[in-house]
Amino acid sequence: MANAALAKCALALSGLLLLAPWQMAAASEAEAVRPKRKLDVWYVATPHEVVDRMLDEAKIRPTDVVYDLGCGDGRMVIAAAKKFGTRGVGVDLDPVRIKEARANAKAAGVEQLVTFRVGDMFETDLREANVVLLYLLPELNRRLKPKLFAELPPGARVVSHDFDMGKEWPPDRSINLGADGIYMWVMPPRAERPAGGSVHK
């Protein structure tokens, strides 16, 4: 009887060991869909007609590289790739949104042109970007200003849905679309950029 009991215990233990990899995989998968920190803003999609107008205001050329910070489902860089053939990069803290964006790019047939990364927009290298698209809150726009001034090349365009950059950096152009607004800035020469990211016109 003692041997039988030991055998049952050994069988049960081996079953637990066999389950351990599955449990580890499930935990790893759960971790993969969980943002590494609290999201900066809840995702609200920009209407497609507003996206199209933002792209037009940016005067995008096929040679441009378009970045969307807080890209959500990827619609902005996907639209740019479809309309202008541009290369694009979307960055979002939420792995679920990045998975959705990659699926949308594949469905649109532009997955070879666009890249989506799980990442923090404040840590993203913007030096290759010619166009940066935003739909963030006003305080996030203001926090991004020093980074935009430090990294974007002269002539790069920044286009924001609904929110400006504050009175210290008025837009070069603003468009009222009724319920929506668009703000656009052209990056000045580096010699004209103050260290704190403030411009007075």
# chains A, B, ... in the order shown; residues from 1 in each chain; ligands from 1

$ residues_around --residues "Val91 in chain A" --least-positions-apart "4" --cutoff "8 Å" --atoms "only C-alpha atoms" --output "list in words"
Tyr67, Asp68, Leu69, Gly70, Cys71, Ile98, Phe116, Arg117, Val118, Gly119, Asp120, Met121 and Thr124 of chain A

$ select_by_dssp --residues "range 110-140 of chain A" --states "strand (DSSP E)" --output "list in words"
Val114, Thr115, Phe116, Arg117, Val118, Val131, Val132, Leu133 and Leu134 of chain A

$ write_last_selection --atoms "N, CA and C atoms" --output "PDB file, in the first residue's frame"
ATOM      1  N   VAL A 114       5.015  49.703 -43.319  1.00  0.00           N
ATOM      2  CA  VAL A 114       4.804  50.262 -41.973  1.00  0.00           C
ATOM      3  C   VAL A 114       5.288  49.302 -40.896  1.00  0.00           C
ATOM      4  N   THR A 115       5.756  49.880 -39.818  1.00  0.00           N
ATOM      5  CA  THR A 115       6.245  49.114 -38.668  1.00  0.00           C
ATOM      6  C   THR A 115       5.513  49.618 -37.426  1.00  0.00           C
ATOM      7  N   PHE A 116       5.068  48.695 -36.600  1.00  0.00           N
ATOM      8  CA  PHE A 116       4.398  49.066 -35.355  1.00  0.00           C
ATOM      9  C   PHE A 116       5.174  48.489 -34.180  1.00  0.00           C
ATOM     10  N   ARG A 117       5.451  49.344 -33.192  1.00  0.00           N
ATOM     11  CA  ARG A 117       6.279  48.952 -32.063  1.00  0.00           C
ATOM     12  C   ARG A 117       5.562  49.225 -30.742  1.00  0.00           C
ATOM     13  N   VAL A 118       5.677  48.280 -29.823  1.00  0.00           N
ATOM     14  CA  VAL A 118       5.261  48.552 -28.452  1.00  0.00           C
ATOM     15  C   VAL A 118       6.362  49.405 -27.836  1.00  0.00           C
ATOM     16  N   VAL A 131       7.582  63.532 -40.769  1.00  0.00           N
ATOM     17  CA  VAL A 131       6.218  63.905 -40.380  1.00  0.00           C
ATOM     18  C   VAL A 131       5.891  63.173 -39.086  1.00  0.00           C
ATOM     19  N   VAL A 132       5.361  63.908 -38.108  1.00  0.00           N
ATOM     20  CA  VAL A 132       4.900  63.302 -36.859  1.00  0.00           C
ATOM     21  C   VAL A 132       3.427  63.640 -36.697  1.00  0.00           C
ATOM     22  N   LEU A 133       2.615  62.606 -36.514  1.00  0.00           N
ATOM     23  CA  LEU A 133       1.173  62.765 -36.358  1.00  0.00           C
ATOM     24  C   LEU A 133       0.787  62.476 -34.912  1.00  0.00           C
ATOM     25  N   LEU A 134      -0.116  63.285 -34.381  1.00  0.00           N
ATOM     26  CA  LEU A 134      -0.467  63.186 -32.967  1.00  0.00           C
ATOM     27  C   LEU A 134      -1.979  63.303 -32.758  1.00  0.00           C
TER      28      LEU A 134
END

$ residues_around --residues "range 148-157 of chain A" --least-positions-apart "5" --cutoff "10 Å" --atoms "only C-alpha atoms" --output "PyMOL selection string"
chain A and resi 57-60+64-66+122+125-133+141+143+172+184-198

$ select_by_dssp --residues "range 21-142 of chain A" --states "alpha helix (DSSP H)" --output "MDAnalysis selection string"
chainID A and resid 21:32 48:57 75:84 95:108 138:142

$ decode --residues "range 72-92 of chain A" --atoms "N, CA, C and O atoms" --output "PDB file, in the first residue's frame"
ATOM      1  N   GLY A  72      -2.457  53.751 -31.668  1.00  0.00           N
ATOM      2  CA  GLY A  72      -3.723  53.020 -31.606  1.00  0.00           C
ATOM      3  C   GLY A  72      -3.806  51.928 -32.643  1.00  0.00           C
ATOM      4  O   GLY A  72      -2.918  51.076 -32.739  1.00  0.00           O
ATOM      5  N   ASP A  73      -4.853  51.955 -33.468  1.00  0.00           N
ATOM      6  CA  ASP A  73      -5.047  50.890 -34.457  1.00  0.00           C
ATOM      7  C   ASP A  73      -4.235  51.098 -35.728  1.00  0.00           C
ATOM      8  O   ASP A  73      -4.385  50.351 -36.686  1.00  0.00           O
ATOM      9  N   GLY A  74      -3.372  52.114 -35.747  1.00  0.00           N
ATOM     10  CA  GLY A  74      -2.447  52.309 -36.861  1.00  0.00           C
ATOM     11  C   GLY A  74      -2.997  53.037 -38.057  1.00  0.00           C
ATOM     12  O   GLY A  74      -2.316  53.164 -39.079  1.00  0.00           O
ATOM     13  N   ARG A  75      -4.198  53.588 -37.956  1.00  0.00           N
ATOM     14  CA  ARG A  75      -4.865  54.122 -39.141  1.00  0.00           C
ATOM     15  C   ARG A  75      -4.120  55.273 -39.814  1.00  0.00           C
ATOM     16  O   ARG A  75      -4.216  55.438 -41.043  1.00  0.00           O
ATOM     17  N   MET A  76      -3.373  56.076 -39.044  1.00  0.00           N
ATOM     18  CA  MET A  76      -2.715  57.239 -39.657  1.00  0.00           C
ATOM     19  C   MET A  76      -1.567  56.832 -40.569  1.00  0.00           C
ATOM     20  O   MET A  76      -1.502  57.268 -41.731  1.00  0.00           O
ATOM     21  N   VAL A  77      -0.642  55.998 -40.069  1.00  0.00           N
ATOM     22  CA  VAL A  77       0.481  55.604 -40.919  1.00  0.00           C
ATOM     23  C   VAL A  77       0.037  54.651 -42.022  1.00  0.00           C
ATOM     24  O   VAL A  77       0.616  54.632 -43.107  1.00  0.00           O
ATOM     25  N   ILE A  78      -1.005  53.863 -41.768  1.00  0.00           N
ATOM     26  CA  ILE A  78      -1.551  52.988 -42.814  1.00  0.00           C
ATOM     27  C   ILE A  78      -2.144  53.829 -43.939  1.00  0.00           C
ATOM     28  O   ILE A  78      -1.910  53.567 -45.125  1.00  0.00           O
ATOM     29  N   ALA A  79      -2.906  54.872 -43.576  1.00  0.00           N
ATOM     30  CA  ALA A  79      -3.486  55.754 -44.598  1.00  0.00           C
ATOM     31  C   ALA A  79      -2.403  56.458 -45.402  1.00  0.00           C
ATOM     32  O   ALA A  79      -2.511  56.603 -46.627  1.00  0.00           O
ATOM     33  N   ALA A  80      -1.342  56.907 -44.733  1.00  0.00           N
ATOM     34  CA  ALA A  80      -0.239  57.570 -45.436  1.00  0.00           C
ATOM     35  C   ALA A  80       0.446  56.618 -46.398  1.00  0.00           C
ATOM     36  O   ALA A  80       0.784  56.993 -47.533  1.00  0.00           O
ATOM     37  N   ALA A  81       0.655  55.384 -45.966  1.00  0.00           N
ATOM     38  CA  ALA A  81       1.290  54.387 -46.831  1.00  0.00           C
ATOM     39  C   ALA A  81       0.428  54.074 -48.050  1.00  0.00           C
ATOM     40  O   ALA A  81       0.927  53.955 -49.178  1.00  0.00           O
ATOM     41  N   LYS A  82      -0.883  53.951 -47.836  1.00  0.00           N
ATOM     42  CA  LYS A  82      -1.791  53.645 -48.955  1.00  0.00           C
ATOM     43  C   LYS A  82      -1.892  54.813 -49.939  1.00  0.00           C
ATOM     44  O   LYS A  82      -1.902  54.625 -51.149  1.00  0.00           O
ATOM     45  N   LYS A  83      -1.948  56.022 -49.405  1.00  0.00           N
ATOM     46  CA  LYS A  83      -2.192  57.196 -50.253  1.00  0.00           C
ATOM     47  C   LYS A  83      -0.925  57.709 -50.926  1.00  0.00           C
ATOM     48  O   LYS A  83      -0.968  58.150 -52.083  1.00  0.00           O
ATOM     49  N   PHE A  84       0.216  57.645 -50.212  1.00  0.00           N
ATOM     50  CA  PHE A  84       1.435  58.256 -50.730  1.00  0.00           C
ATOM     51  C   PHE A  84       2.594  57.278 -50.902  1.00  0.00           C
ATOM     52  O   PHE A  84       3.648  57.665 -51.404  1.00  0.00           O
ATOM     53  N   GLY A  85       2.427  56.041 -50.445  1.00  0.00           N
ATOM     54  CA  GLY A  85       3.515  55.071 -50.550  1.00  0.00           C
ATOM     55  C   GLY A  85       4.646  55.327 -49.580  1.00  0.00           C
ATOM     56  O   GLY A  85       5.779  54.887 -49.807  1.00  0.00           O
ATOM     57  N   THR A  86       4.369  56.042 -48.491  1.00  0.00           N
ATOM     58  CA  THR A  86       5.412  56.398 -47.526  1.00  0.00           C
ATOM     59  C   THR A  86       5.698  55.260 -46.564  1.00  0.00           C
ATOM     60  O   THR A  86       4.828  54.440 -46.263  1.00  0.00           O
ATOM     61  N   ARG A  87       6.904  55.277 -46.035  1.00  0.00           N
ATOM     62  CA  ARG A  87       7.258  54.402 -44.936  1.00  0.00           C
ATOM     63  C   ARG A  87       6.734  55.016 -43.651  1.00  0.00           C
ATOM     64  O   ARG A  87       6.768  56.239 -43.488  1.00  0.00           O
ATOM     65  N   GLY A  88       6.240  54.181 -42.739  1.00  0.00           N
ATOM     66  CA  GLY A  88       5.663  54.711 -41.509  1.00  0.00           C
ATOM     67  C   GLY A  88       6.008  53.878 -40.294  1.00  0.00           C
ATOM     68  O   GLY A  88       6.281  52.682 -40.405  1.00  0.00           O
ATOM     69  N   VAL A  89       5.985  54.532 -39.136  1.00  0.00           N
ATOM     70  CA  VAL A  89       6.247  53.867 -37.863  1.00  0.00           C
ATOM     71  C   VAL A  89       5.167  54.307 -36.875  1.00  0.00           C
ATOM     72  O   VAL A  89       4.933  55.508 -36.690  1.00  0.00           O
ATOM     73  N   GLY A  90       4.526  53.340 -36.250  1.00  0.00           N
ATOM     74  CA  GLY A  90       3.548  53.630 -35.208  1.00  0.00           C
ATOM     75  C   GLY A  90       4.047  53.106 -33.876  1.00  0.00           C
ATOM     76  O   GLY A  90       4.587  51.994 -33.807  1.00  0.00           O
ATOM     77  N   VAL A  91       3.885  53.911 -32.832  1.00  0.00           N
ATOM     78  CA  VAL A  91       4.366  53.543 -31.499  1.00  0.00           C
ATOM     79  C   VAL A  91       3.208  53.660 -30.519  1.00  0.00           C
ATOM     80  O   VAL A  91       2.473  54.657 -30.523  1.00  0.00           O
ATOM     81  N   ASP A  92       3.041  52.644 -29.689  1.00  0.00           N
ATOM     82  CA  ASP A  92       1.978  52.676 -28.679  1.00  0.00           C
ATOM     83  C   ASP A  92       2.410  51.826 -27.488  1.00  0.00           C
ATOM     84  O   ASP A  92       3.080  50.799 -27.661  1.00  0.00           O
TER      85      ASP A  92
END
